[in-house]
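Structure below is data_21.cif: mmCIF, N, CA and C atoms.
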data_entry
#
loop_
_atom_site.label_atom_id
_atom_site.label_comp_id
_atom_site.auth_asym_id
_atom_site.auth_seq_id
_atom_site.Cartn_x
_atom_site.Cartn_y
_atom_site.Cartn_z
N MET J 706 18.05 -17.41 4.70
CA MET J 706 17.65 -17.29 3.30
C MET J 706 16.83 -16.02 3.08
N GLY J 707 16.01 -15.65 4.08
CA GLY J 707 15.21 -14.44 3.95
C GLY J 707 16.05 -13.19 3.74
N VAL J 708 17.21 -13.12 4.42
CA VAL J 708 18.09 -11.95 4.29
C VAL J 708 18.66 -11.88 2.88
N ILE J 709 19.05 -13.02 2.33
CA ILE J 709 19.60 -13.04 0.96
C ILE J 709 18.53 -12.60 -0.04
N LEU J 710 17.32 -13.11 0.11
CA LEU J 710 16.23 -12.70 -0.79
C LEU J 710 15.93 -11.21 -0.66
N LEU J 711 15.99 -10.68 0.55
CA LEU J 711 15.77 -9.25 0.76
C LEU J 711 16.85 -8.43 0.05
N LEU J 712 18.10 -8.82 0.17
CA LEU J 712 19.19 -8.10 -0.49
C LEU J 712 19.05 -8.16 -2.01
N ILE J 713 18.75 -9.34 -2.54
CA ILE J 713 18.57 -9.49 -3.98
C ILE J 713 17.41 -8.62 -4.47
N SER J 714 16.32 -8.63 -3.72
CA SER J 714 15.16 -7.84 -4.15
C SER J 714 15.46 -6.34 -4.13
N PHE J 715 16.24 -5.87 -3.14
CA PHE J 715 16.60 -4.45 -3.10
C PHE J 715 17.51 -4.07 -4.28
N VAL J 716 18.47 -4.95 -4.62
CA VAL J 716 19.36 -4.67 -5.74
C VAL J 716 18.56 -4.64 -7.05
N LEU J 717 17.71 -5.64 -7.24
CA LEU J 717 16.89 -5.67 -8.45
C LEU J 717 15.97 -4.45 -8.53
N LEU J 718 15.39 -4.08 -7.41
CA LEU J 718 14.53 -2.90 -7.38
C LEU J 718 15.30 -1.65 -7.80
N ALA J 719 16.49 -1.47 -7.27
CA ALA J 719 17.29 -0.28 -7.60
C ALA J 719 17.65 -0.26 -9.09
N VAL J 720 18.10 -1.38 -9.61
CA VAL J 720 18.54 -1.44 -11.01
C VAL J 720 17.35 -1.29 -11.96
N LEU J 721 16.31 -2.08 -11.75
CA LEU J 721 15.17 -2.06 -12.68
C LEU J 721 14.37 -0.76 -12.58
N SER J 722 14.26 -0.19 -11.40
CA SER J 722 13.56 1.09 -11.26
C SER J 722 14.28 2.20 -12.00
N THR J 723 15.60 2.18 -11.93
CA THR J 723 16.39 3.18 -12.65
C THR J 723 16.20 3.04 -14.15
N ILE J 724 16.27 1.82 -14.65
CA ILE J 724 16.08 1.58 -16.09
C ILE J 724 14.68 2.02 -16.50
N ASN J 725 13.67 1.62 -15.75
CA ASN J 725 12.29 1.95 -16.08
C ASN J 725 12.05 3.46 -16.05
N SER J 726 12.67 4.16 -15.12
CA SER J 726 12.48 5.61 -15.01
C SER J 726 12.98 6.36 -16.23
N VAL J 727 13.95 5.78 -16.91
CA VAL J 727 14.47 6.39 -18.13
C VAL J 727 13.71 5.87 -19.35
N PHE J 728 13.50 4.56 -19.42
CA PHE J 728 12.91 3.93 -20.59
C PHE J 728 11.48 4.37 -20.85
N LEU J 729 10.63 4.32 -19.83
CA LEU J 729 9.20 4.53 -20.05
C LEU J 729 8.88 5.94 -20.57
N PRO J 730 9.40 7.01 -19.95
CA PRO J 730 9.11 8.33 -20.51
C PRO J 730 9.63 8.48 -21.95
N LEU J 731 10.82 7.96 -22.21
CA LEU J 731 11.35 8.04 -23.57
C LEU J 731 10.47 7.28 -24.56
N TYR J 732 9.96 6.14 -24.17
CA TYR J 732 9.08 5.36 -25.03
C TYR J 732 7.84 6.16 -25.41
N TYR J 733 7.18 6.76 -24.42
CA TYR J 733 5.95 7.49 -24.70
C TYR J 733 6.22 8.78 -25.49
N ILE J 734 7.37 9.40 -25.27
CA ILE J 734 7.71 10.60 -26.04
C ILE J 734 8.02 10.22 -27.48
N CYS J 735 8.83 9.19 -27.67
CA CYS J 735 9.25 8.80 -29.02
C CYS J 735 8.11 8.20 -29.85
N THR J 736 7.14 7.60 -29.22
CA THR J 736 6.04 6.99 -29.96
C THR J 736 4.82 7.91 -30.03
N PHE J 737 4.94 9.11 -29.50
CA PHE J 737 3.86 10.11 -29.52
C PHE J 737 2.58 9.61 -28.87
N LYS J 738 2.72 8.81 -27.84
CA LYS J 738 1.56 8.28 -27.11
C LYS J 738 1.43 9.01 -25.76
N TRP J 739 1.39 10.35 -25.82
CA TRP J 739 1.40 11.13 -24.59
C TRP J 739 0.15 10.90 -23.74
N LYS J 740 -1.02 10.90 -24.39
CA LYS J 740 -2.26 10.72 -23.62
C LYS J 740 -2.28 9.35 -22.95
N LYS J 741 -1.96 8.32 -23.72
CA LYS J 741 -1.89 6.98 -23.15
C LYS J 741 -0.82 6.94 -22.07
N GLY J 742 0.27 7.62 -22.29
CA GLY J 742 1.36 7.66 -21.31
C GLY J 742 0.93 8.31 -20.01
N LEU J 743 0.18 9.40 -20.09
CA LEU J 743 -0.30 10.07 -18.88
C LEU J 743 -1.29 9.20 -18.12
N ASN J 744 -2.19 8.54 -18.85
CA ASN J 744 -3.14 7.62 -18.20
C ASN J 744 -2.39 6.46 -17.54
N HIS J 745 -1.43 5.91 -18.25
CA HIS J 745 -0.62 4.82 -17.71
C HIS J 745 0.13 5.30 -16.47
N PHE J 746 0.71 6.49 -16.54
CA PHE J 746 1.47 7.03 -15.42
C PHE J 746 0.57 7.23 -14.19
N ASN J 747 -0.64 7.69 -14.40
CA ASN J 747 -1.58 7.89 -13.30
C ASN J 747 -1.94 6.54 -12.65
N GLU J 748 -2.23 5.55 -13.47
CA GLU J 748 -2.55 4.21 -12.95
C GLU J 748 -1.34 3.61 -12.25
N TRP J 749 -0.18 3.75 -12.85
CA TRP J 749 1.06 3.25 -12.27
C TRP J 749 1.34 3.92 -10.93
N SER J 750 1.11 5.23 -10.85
CA SER J 750 1.35 5.97 -9.61
C SER J 750 0.47 5.44 -8.49
N TYR J 751 -0.80 5.16 -8.80
CA TYR J 751 -1.70 4.61 -7.79
C TYR J 751 -1.21 3.25 -7.30
N ARG J 752 -0.84 2.38 -8.25
CA ARG J 752 -0.37 1.04 -7.86
C ARG J 752 0.92 1.11 -7.07
N MET J 753 1.80 2.06 -7.42
CA MET J 753 3.04 2.24 -6.66
C MET J 753 2.74 2.70 -5.25
N ALA J 754 1.82 3.65 -5.10
CA ALA J 754 1.46 4.14 -3.78
C ALA J 754 0.88 3.00 -2.94
N LEU J 755 0.05 2.17 -3.56
CA LEU J 755 -0.54 1.02 -2.86
C LEU J 755 0.54 0.04 -2.42
N SER J 756 1.47 -0.28 -3.30
CA SER J 756 2.50 -1.24 -2.93
C SER J 756 3.46 -0.68 -1.89
N ILE J 757 3.74 0.61 -1.93
CA ILE J 757 4.57 1.24 -0.90
C ILE J 757 3.85 1.21 0.43
N ASP J 758 2.55 1.43 0.40
CA ASP J 758 1.73 1.36 1.62
C ASP J 758 1.79 -0.05 2.21
N GLN J 759 1.65 -1.07 1.36
CA GLN J 759 1.73 -2.45 1.82
C GLN J 759 3.13 -2.77 2.35
N PHE J 760 4.14 -2.27 1.67
CA PHE J 760 5.53 -2.46 2.12
C PHE J 760 5.73 -1.81 3.48
N GLY J 761 5.22 -0.59 3.64
CA GLY J 761 5.34 0.10 4.93
C GLY J 761 4.63 -0.64 6.04
N ASN J 762 3.51 -1.28 5.72
CA ASN J 762 2.77 -2.07 6.70
C ASN J 762 3.63 -3.23 7.21
N VAL J 763 4.37 -3.86 6.33
CA VAL J 763 5.24 -4.96 6.74
C VAL J 763 6.50 -4.41 7.42
N MET J 764 7.12 -3.42 6.79
CA MET J 764 8.39 -2.87 7.29
C MET J 764 8.27 -2.30 8.69
N CYS J 765 7.20 -1.62 8.97
CA CYS J 765 7.05 -0.91 10.24
C CYS J 765 6.09 -1.61 11.20
N SER J 766 5.77 -2.87 10.93
CA SER J 766 4.74 -3.56 11.71
C SER J 766 5.07 -3.62 13.21
N SER J 767 6.29 -3.91 13.56
CA SER J 767 6.64 -4.00 14.99
C SER J 767 6.41 -2.67 15.69
N MET J 768 6.85 -1.59 15.06
CA MET J 768 6.68 -0.26 15.64
C MET J 768 5.18 0.10 15.71
N PHE J 769 4.45 -0.14 14.62
CA PHE J 769 3.02 0.19 14.60
C PHE J 769 2.26 -0.61 15.66
N ASN J 770 2.58 -1.89 15.79
CA ASN J 770 1.89 -2.74 16.76
C ASN J 770 2.12 -2.27 18.19
N ARG J 771 3.25 -1.65 18.46
CA ARG J 771 3.53 -1.15 19.80
C ARG J 771 2.97 0.25 20.04
N LEU J 772 3.04 1.10 19.01
CA LEU J 772 2.69 2.51 19.20
C LEU J 772 1.23 2.85 18.89
N LEU J 773 0.62 2.12 17.96
CA LEU J 773 -0.68 2.55 17.45
C LEU J 773 -1.87 1.77 18.01
N ILE J 774 -1.66 0.54 18.46
CA ILE J 774 -2.82 -0.28 18.84
C ILE J 774 -2.63 -0.93 20.21
N GLU J 775 -3.76 -1.28 20.79
CA GLU J 775 -3.78 -2.05 22.03
C GLU J 775 -3.39 -3.50 21.71
N LYS J 776 -3.06 -4.27 22.74
CA LYS J 776 -2.61 -5.65 22.54
C LYS J 776 -3.64 -6.52 21.82
N ASN J 777 -4.92 -6.25 22.01
CA ASN J 777 -5.96 -7.07 21.38
C ASN J 777 -6.40 -6.53 20.02
N GLY J 778 -5.64 -5.57 19.47
CA GLY J 778 -5.99 -4.99 18.18
C GLY J 778 -5.62 -5.88 17.01
N VAL J 779 -6.12 -5.50 15.84
CA VAL J 779 -5.76 -6.17 14.59
C VAL J 779 -4.31 -5.79 14.29
N LYS J 780 -3.45 -6.77 14.12
CA LYS J 780 -2.01 -6.54 13.99
C LYS J 780 -1.63 -6.03 12.60
N TYR J 781 -0.68 -5.11 12.58
CA TYR J 781 -0.05 -4.67 11.34
C TYR J 781 0.93 -5.75 10.89
N GLY J 782 1.27 -5.76 9.61
CA GLY J 782 2.28 -6.67 9.11
C GLY J 782 1.85 -7.58 7.98
N GLY J 783 0.55 -7.66 7.69
CA GLY J 783 0.09 -8.49 6.57
C GLY J 783 0.56 -7.91 5.25
N GLU J 784 1.21 -8.72 4.44
CA GLU J 784 1.83 -8.20 3.20
C GLU J 784 0.83 -7.74 2.15
N ASP J 785 -0.41 -8.15 2.24
CA ASP J 785 -1.42 -7.73 1.26
C ASP J 785 -2.36 -6.67 1.82
N MET J 786 -2.04 -6.14 2.98
CA MET J 786 -2.91 -5.15 3.61
C MET J 786 -2.18 -3.82 3.73
N THR J 787 -2.96 -2.74 3.67
CA THR J 787 -2.36 -1.42 3.77
C THR J 787 -2.41 -0.92 5.22
N ILE J 788 -1.59 0.06 5.49
CA ILE J 788 -1.58 0.71 6.80
C ILE J 788 -2.97 1.28 7.08
N SER J 789 -3.56 1.89 6.08
CA SER J 789 -4.88 2.50 6.24
C SER J 789 -5.94 1.45 6.61
N TYR J 790 -5.88 0.30 5.97
CA TYR J 790 -6.87 -0.75 6.24
C TYR J 790 -6.76 -1.24 7.68
N ILE J 791 -5.56 -1.52 8.14
CA ILE J 791 -5.39 -2.02 9.50
C ILE J 791 -5.76 -0.93 10.50
N THR J 792 -5.42 0.31 10.21
CA THR J 792 -5.80 1.42 11.08
C THR J 792 -7.32 1.53 11.15
N ALA J 793 -7.98 1.39 10.01
CA ALA J 793 -9.45 1.46 9.96
C ALA J 793 -10.07 0.32 10.76
N MET J 794 -9.54 -0.87 10.61
CA MET J 794 -10.07 -2.01 11.35
C MET J 794 -9.94 -1.78 12.86
N ASN J 795 -8.80 -1.24 13.28
CA ASN J 795 -8.60 -0.97 14.71
C ASN J 795 -9.46 0.19 15.19
N ARG J 796 -9.68 1.17 14.34
CA ARG J 796 -10.58 2.27 14.72
C ARG J 796 -11.99 1.72 14.96
N ASN J 797 -12.45 0.88 14.04
CA ASN J 797 -13.78 0.31 14.16
C ASN J 797 -13.90 -0.63 15.36
N LYS J 798 -12.81 -1.28 15.69
CA LYS J 798 -12.80 -2.21 16.83
C LYS J 798 -12.58 -1.46 18.16
N GLY J 799 -12.13 -0.20 18.08
CA GLY J 799 -11.88 0.59 19.28
C GLY J 799 -10.57 0.25 19.97
N THR J 800 -9.58 -0.21 19.20
CA THR J 800 -8.31 -0.63 19.79
C THR J 800 -7.14 0.27 19.42
N LEU J 801 -7.43 1.49 18.95
CA LEU J 801 -6.34 2.43 18.64
C LEU J 801 -5.88 3.13 19.92
N LYS J 802 -4.56 3.27 20.03
CA LYS J 802 -3.99 4.11 21.08
C LYS J 802 -4.04 5.56 20.59
N VAL J 803 -3.56 6.48 21.40
CA VAL J 803 -3.61 7.90 21.04
C VAL J 803 -2.89 8.15 19.71
N CYS J 804 -1.70 7.57 19.53
CA CYS J 804 -0.96 7.77 18.27
C CYS J 804 -1.74 7.22 17.08
N GLY J 805 -2.43 6.11 17.27
CA GLY J 805 -3.25 5.53 16.21
C GLY J 805 -4.44 6.42 15.87
N ILE J 806 -5.04 7.01 16.90
CA ILE J 806 -6.17 7.93 16.67
C ILE J 806 -5.69 9.14 15.89
N ILE J 807 -4.51 9.65 16.23
CA ILE J 807 -3.94 10.80 15.51
C ILE J 807 -3.72 10.43 14.05
N LEU J 808 -3.15 9.24 13.80
CA LEU J 808 -2.95 8.80 12.42
C LEU J 808 -4.27 8.70 11.68
N ALA J 809 -5.28 8.12 12.32
CA ALA J 809 -6.59 7.97 11.69
C ALA J 809 -7.19 9.32 11.33
N VAL J 810 -7.10 10.27 12.25
CA VAL J 810 -7.63 11.62 12.01
C VAL J 810 -6.88 12.29 10.85
N LEU J 811 -5.56 12.14 10.83
CA LEU J 811 -4.75 12.74 9.75
C LEU J 811 -5.12 12.14 8.39
N LEU J 812 -5.23 10.82 8.33
CA LEU J 812 -5.58 10.18 7.06
C LEU J 812 -6.94 10.64 6.56
N ASP J 813 -7.91 10.73 7.46
CA ASP J 813 -9.24 11.18 7.05
C ASP J 813 -9.27 12.67 6.74
N ALA J 814 -8.37 13.45 7.34
CA ALA J 814 -8.29 14.89 7.03
C ALA J 814 -7.69 15.11 5.64
N ILE J 815 -6.70 14.30 5.29
CA ILE J 815 -6.05 14.42 3.98
C ILE J 815 -7.00 13.98 2.88
N ASP J 816 -7.72 12.89 3.13
CA ASP J 816 -8.64 12.32 2.14
C ASP J 816 -9.92 11.94 2.89
N LYS J 817 -10.96 12.73 2.71
CA LYS J 817 -12.20 12.51 3.45
C LYS J 817 -12.71 11.08 3.25
N GLY J 818 -12.97 10.39 4.36
CA GLY J 818 -13.46 9.02 4.30
C GLY J 818 -12.39 8.01 3.93
N HIS J 819 -11.13 8.37 4.08
CA HIS J 819 -10.02 7.52 3.64
C HIS J 819 -10.07 6.13 4.28
N LEU J 820 -10.30 6.08 5.56
CA LEU J 820 -10.29 4.78 6.24
C LEU J 820 -11.47 3.91 5.81
N ASP J 821 -12.61 4.52 5.59
CA ASP J 821 -13.76 3.76 5.08
C ASP J 821 -13.47 3.24 3.67
N LYS J 822 -12.82 4.05 2.86
CA LYS J 822 -12.44 3.63 1.50
C LYS J 822 -11.45 2.47 1.57
N ALA J 823 -10.54 2.53 2.55
CA ALA J 823 -9.54 1.46 2.68
C ALA J 823 -10.21 0.12 2.97
N ILE J 824 -11.22 0.14 3.84
CA ILE J 824 -11.95 -1.10 4.14
C ILE J 824 -12.69 -1.59 2.89
N TYR J 825 -13.36 -0.69 2.20
CA TYR J 825 -14.10 -1.04 0.99
C TYR J 825 -13.15 -1.62 -0.07
N ASN J 826 -12.01 -0.95 -0.30
CA ASN J 826 -11.06 -1.42 -1.31
C ASN J 826 -10.51 -2.80 -0.97
N GLN J 827 -10.22 -3.05 0.31
CA GLN J 827 -9.71 -4.36 0.72
C GLN J 827 -10.77 -5.42 0.50
N GLN J 828 -12.02 -5.11 0.82
CA GLN J 828 -13.11 -6.07 0.61
C GLN J 828 -13.26 -6.38 -0.88
N GLN J 829 -13.14 -5.35 -1.73
CA GLN J 829 -13.24 -5.57 -3.18
C GLN J 829 -12.10 -6.45 -3.68
N LYS J 830 -10.88 -6.21 -3.19
CA LYS J 830 -9.75 -7.05 -3.59
C LYS J 830 -9.95 -8.49 -3.15
N ASP J 831 -10.47 -8.66 -1.94
CA ASP J 831 -10.73 -10.02 -1.44
C ASP J 831 -11.80 -10.72 -2.28
N LEU J 832 -12.87 -10.00 -2.64
CA LEU J 832 -13.92 -10.57 -3.49
C LEU J 832 -13.38 -10.93 -4.87
N ASP J 833 -12.56 -10.04 -5.44
CA ASP J 833 -11.95 -10.32 -6.74
C ASP J 833 -11.09 -11.58 -6.69
N ALA J 834 -10.36 -11.76 -5.59
CA ALA J 834 -9.52 -12.95 -5.44
C ALA J 834 -10.37 -14.21 -5.37
N VAL J 835 -11.48 -14.16 -4.65
CA VAL J 835 -12.38 -15.31 -4.55
C VAL J 835 -12.95 -15.64 -5.93
N ILE J 836 -13.34 -14.62 -6.67
CA ILE J 836 -13.91 -14.84 -8.01
C ILE J 836 -12.86 -15.48 -8.92
N ARG J 837 -11.62 -15.00 -8.86
CA ARG J 837 -10.54 -15.58 -9.70
C ARG J 837 -10.31 -17.05 -9.32
N LEU J 838 -10.37 -17.36 -8.04
CA LEU J 838 -10.15 -18.74 -7.60
C LEU J 838 -11.27 -19.68 -8.06
N ASN J 839 -12.47 -19.15 -8.15
CA ASN J 839 -13.61 -19.98 -8.51
C ASN J 839 -13.81 -20.14 -10.01
N LYS J 840 -12.99 -19.49 -10.81
CA LYS J 840 -13.11 -19.61 -12.28
C LYS J 840 -12.52 -20.91 -12.76
#

C-alpha cells encoding of this file:
Amino acid sequence: MGVILLLISFVLLAVLSTINSVFLPLYYICTFKWKKGLNHFNEWSYRMALSIDQFGNVMCSSMFNRLLIEKNGVKYGGEDMTISYITAMNRNKGTLKVCGIILAVLLDAIDKGHLDKAIYNQQQKDLDAVIRLNK
C-alpha cells in the first residue's frame, strides 16, 4: 500500500505543482497584488525549502545513517525533522563521521550558525505543537 500511496502522491505533486506555478503568478499580476505576492512568495519559498529538507531527510536516511554518523548517533529519517537538525544533534553528541563533519562545516559556512538555528527552530516547532495540543 505504501508504494501505491507514493506513486499517487508523486502524480498529484507533479500535476498540482504545475497548475500552481502558472496560476499563482497570474493571480498576483492580474489582481495587482505584487507586494503581497512577493511576501507570499518569500514565505512560500521558505516553507518549500523546509519541506524539501524534511523530504530529503526521509528519502536519503539509509545513506545518511551509513555515511554521516556512527552507529550510536541520532538517526536520520524522521519525517518532521530536517537534515540540518539531525546533523546538529549528532555534532553536539559527537557522533558525526568525517563526511558528517564536512556537511556540518559546509552548512555553517553557507549560513553562519545554521546548525544551532536548526536546533532552535525544531525546539520552537515542538513547543508550538505542545501549545496547540493543550488548547

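One finds CA of Thr792 (chain J) at 10.2 Å from CA of Asn762 (chain J).
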
Self-check item: Straight-line distance linking CA of Asn770 (chain J) with atom N of Gly782 (chain J), stated in Å to one decimal
Solution: 7.8 Å

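When CA of Gly778 (chain J) is paired with atom N of Thr800 (chain J), their separation reads 6.1 Å.
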
Practice problem: Using backbone DSSP assignments, extract all helix (DSSP H, G or I) residues from region 707-838 of chain J; output them as an NGL selection string. | Solution: :J and (707-735 or 739-764 or 766-772 or 788-798 or 803-815 or 819-838)

At a cut-off of 8 Å, using only N, CA and C atoms, what residues contact Ile788 (chain J)? Leave out same-chain residues fewer than 2 positions from it and give the result as a compact mmCIF listing (two decimals) with N, CA and C atoms, in the coordinates of the input.
# COMPACT_ATOMS: atom_id res chain seq x y z
N ILE J 757 3.74 0.61 -1.93
CA ILE J 757 4.57 1.24 -0.90
C ILE J 757 3.85 1.21 0.43
N ASP J 758 2.55 1.43 0.40
CA ASP J 758 1.73 1.36 1.62
C ASP J 758 1.79 -0.05 2.21
N GLN J 759 1.65 -1.07 1.36
CA GLN J 759 1.73 -2.45 1.82
C GLN J 759 3.13 -2.77 2.35
N PHE J 760 4.14 -2.27 1.67
CA PHE J 760 5.53 -2.46 2.12
C PHE J 760 5.73 -1.81 3.48
N GLY J 761 5.22 -0.59 3.64
CA GLY J 761 5.34 0.10 4.93
C GLY J 761 4.63 -0.64 6.04
N ASN J 762 3.51 -1.28 5.72
CA ASN J 762 2.77 -2.07 6.70
C ASN J 762 3.63 -3.23 7.21
N VAL J 763 4.37 -3.86 6.33
CA VAL J 763 5.24 -4.96 6.74
C VAL J 763 6.50 -4.41 7.42
N TYR J 781 -0.68 -5.11 12.58
CA TYR J 781 -0.05 -4.67 11.34
C TYR J 781 0.93 -5.75 10.89
N GLY J 782 1.27 -5.76 9.61
CA GLY J 782 2.28 -6.67 9.11
C GLY J 782 1.85 -7.58 7.98
N ASP J 785 -0.41 -8.15 2.24
CA ASP J 785 -1.42 -7.73 1.26
C ASP J 785 -2.36 -6.67 1.82
N MET J 786 -2.04 -6.14 2.98
CA MET J 786 -2.91 -5.15 3.61
C MET J 786 -2.18 -3.82 3.73
N TYR J 790 -5.88 0.30 5.97
CA TYR J 790 -6.87 -0.75 6.24
C TYR J 790 -6.76 -1.24 7.68
N ILE J 791 -5.56 -1.52 8.14
CA ILE J 791 -5.39 -2.02 9.50
C ILE J 791 -5.76 -0.93 10.50
N THR J 792 -5.42 0.31 10.21
CA THR J 792 -5.80 1.42 11.08
C THR J 792 -7.32 1.53 11.15
N ALA J 793 -7.98 1.39 10.01
CA ALA J 793 -9.45 1.46 9.96
C ALA J 793 -10.07 0.32 10.76
N MET J 794 -9.54 -0.87 10.61
CA MET J 794 -10.07 -2.01 11.35
C MET J 794 -9.94 -1.78 12.86
N ALA J 823 -10.54 2.53 2.55
CA ALA J 823 -9.54 1.46 2.68
C ALA J 823 -10.21 0.12 2.97

Practice problem: Name the residues in contact with region 805-819 of chain J at a cut-off of 6 Å, using all atoms listed in the file, excluding same-chain residues fewer than 6 positions from it; report them as an MDAnalysis selection string. | Solution: chainID J and resid 772:774

First collect every listed atom of region 745-757 of chain J; then fit an axis-aligned box around them, widen it by 6 Å on each side, and give centre and edge lengths in Å to one decimal, as JSON.
{"center_x": 1.0, "center_y": 3.3, "center_z": -8.9, "size_x": 19.1, "size_y": 21.1, "size_z": 30.7}

Quiz prompt | Nearest to Met764 (chain J), chosen from J:Lys776, J:Gly783, J:Asn797, J:Ile713, with only N, CA and C atoms counted in the distances | solution = J:Gly783

Exercise. List the residues matched by the PyMOL selection byres (((chain J and resi 725-729 and name CA) around 12) and name CA) in the displayed structure as a ChimeraX atom specification, ordered by chain and then by residue number.
Key: /J:717-724,730-736,738-739,741-743,745-746,749

Emit the selected residues as a PDB file, keeping the file's coordinate frame, including N, CA and C atoms.
ATOM      1  N   LEU J 717      17.710  -5.640  -7.240  1.00  0.00           N
ATOM      2  CA  LEU J 717      16.890  -5.670  -8.450  1.00  0.00           C
ATOM      3  C   LEU J 717      15.970  -4.450  -8.530  1.00  0.00           C
ATOM      4  N   LEU J 718      15.390  -4.080  -7.410  1.00  0.00           N
ATOM      5  CA  LEU J 718      14.530  -2.900  -7.380  1.00  0.00           C
ATOM      6  C   LEU J 718      15.300  -1.650  -7.800  1.00  0.00           C
ATOM      7  N   ALA J 719      16.490  -1.470  -7.270  1.00  0.00           N
ATOM      8  CA  ALA J 719      17.290  -0.280  -7.600  1.00  0.00           C
ATOM      9  C   ALA J 719      17.650  -0.260  -9.090  1.00  0.00           C
ATOM     10  N   VAL J 720      18.100  -1.380  -9.610  1.00  0.00           N
ATOM     11  CA  VAL J 720      18.540  -1.440 -11.010  1.00  0.00           C
ATOM     12  C   VAL J 720      17.350  -1.290 -11.960  1.00  0.00           C
ATOM     13  N   LEU J 721      16.310  -2.080 -11.750  1.00  0.00           N
ATOM     14  CA  LEU J 721      15.170  -2.060 -12.680  1.00  0.00           C
ATOM     15  C   LEU J 721      14.370  -0.760 -12.580  1.00  0.00           C
ATOM     16  N   SER J 722      14.260  -0.190 -11.400  1.00  0.00           N
ATOM     17  CA  SER J 722      13.560   1.090 -11.260  1.00  0.00           C
ATOM     18  C   SER J 722      14.280   2.200 -12.000  1.00  0.00           C
ATOM     19  N   THR J 723      15.600   2.180 -11.930  1.00  0.00           N
ATOM     20  CA  THR J 723      16.390   3.180 -12.650  1.00  0.00           C
ATOM     21  C   THR J 723      16.200   3.040 -14.150  1.00  0.00           C
ATOM     22  N   ILE J 724      16.270   1.820 -14.650  1.00  0.00           N
ATOM     23  CA  ILE J 724      16.080   1.580 -16.090  1.00  0.00           C
ATOM     24  C   ILE J 724      14.680   2.020 -16.500  1.00  0.00           C
ATOM     25  N   PRO J 730       9.400   7.010 -19.950  1.00  0.00           N
ATOM     26  CA  PRO J 730       9.110   8.330 -20.510  1.00  0.00           C
ATOM     27  C   PRO J 730       9.630   8.480 -21.950  1.00  0.00           C
ATOM     28  N   LEU J 731      10.820   7.960 -22.210  1.00  0.00           N
ATOM     29  CA  LEU J 731      11.350   8.040 -23.570  1.00  0.00           C
ATOM     30  C   LEU J 731      10.470   7.280 -24.560  1.00  0.00           C
ATOM     31  N   TYR J 732       9.960   6.140 -24.170  1.00  0.00           N
ATOM     32  CA  TYR J 732       9.080   5.360 -25.030  1.00  0.00           C
ATOM     33  C   TYR J 732       7.840   6.160 -25.410  1.00  0.00           C
ATOM     34  N   TYR J 733       7.180   6.760 -24.420  1.00  0.00           N
ATOM     35  CA  TYR J 733       5.950   7.490 -24.700  1.00  0.00           C
ATOM     36  C   TYR J 733       6.220   8.780 -25.490  1.00  0.00           C
ATOM     37  N   ILE J 734       7.370   9.400 -25.270  1.00  0.00           N
ATOM     38  CA  ILE J 734       7.710  10.600 -26.040  1.00  0.00           C
ATOM     39  C   ILE J 734       8.020  10.220 -27.480  1.00  0.00           C
ATOM     40  N   CYS J 735       8.830   9.190 -27.670  1.00  0.00           N
ATOM     41  CA  CYS J 735       9.250   8.800 -29.020  1.00  0.00           C
ATOM     42  C   CYS J 735       8.110   8.200 -29.850  1.00  0.00           C
ATOM     43  N   THR J 736       7.140   7.600 -29.220  1.00  0.00           N
ATOM     44  CA  THR J 736       6.040   6.990 -29.960  1.00  0.00           C
ATOM     45  C   THR J 736       4.820   7.910 -30.030  1.00  0.00           C
ATOM     46  N   LYS J 738       2.720   8.810 -27.840  1.00  0.00           N
ATOM     47  CA  LYS J 738       1.560   8.280 -27.110  1.00  0.00           C
ATOM     48  C   LYS J 738       1.430   9.010 -25.760  1.00  0.00           C
ATOM     49  N   TRP J 739       1.390  10.350 -25.820  1.00  0.00           N
ATOM     50  CA  TRP J 739       1.400  11.130 -24.590  1.00  0.00           C
ATOM     51  C   TRP J 739       0.150  10.900 -23.740  1.00  0.00           C
ATOM     52  N   LYS J 741      -1.960   8.320 -23.720  1.00  0.00           N
ATOM     53  CA  LYS J 741      -1.890   6.980 -23.150  1.00  0.00           C
ATOM     54  C   LYS J 741      -0.820   6.940 -22.070  1.00  0.00           C
ATOM     55  N   GLY J 742       0.270   7.620 -22.290  1.00  0.00           N
ATOM     56  CA  GLY J 742       1.360   7.660 -21.310  1.00  0.00           C
ATOM     57  C   GLY J 742       0.930   8.310 -20.010  1.00  0.00           C
ATOM     58  N   LEU J 743       0.180   9.400 -20.090  1.00  0.00           N
ATOM     59  CA  LEU J 743      -0.300  10.070 -18.880  1.00  0.00           C
ATOM     60  C   LEU J 743      -1.290   9.200 -18.120  1.00  0.00           C
ATOM     61  N   HIS J 745      -1.430   5.910 -18.250  1.00  0.00           N
ATOM     62  CA  HIS J 745      -0.620   4.820 -17.710  1.00  0.00           C
ATOM     63  C   HIS J 745       0.130   5.300 -16.470  1.00  0.00           C
ATOM     64  N   PHE J 746       0.710   6.490 -16.540  1.00  0.00           N
ATOM     65  CA  PHE J 746       1.470   7.030 -15.420  1.00  0.00           C
ATOM     66  C   PHE J 746       0.570   7.230 -14.190  1.00  0.00           C
ATOM     67  N   TRP J 749      -0.180   3.750 -12.850  1.00  0.00           N
ATOM     68  CA  TRP J 749       1.060   3.250 -12.270  1.00  0.00           C
ATOM     69  C   TRP J 749       1.340   3.920 -10.930  1.00  0.00           C
TER      70      TRP J 749
END
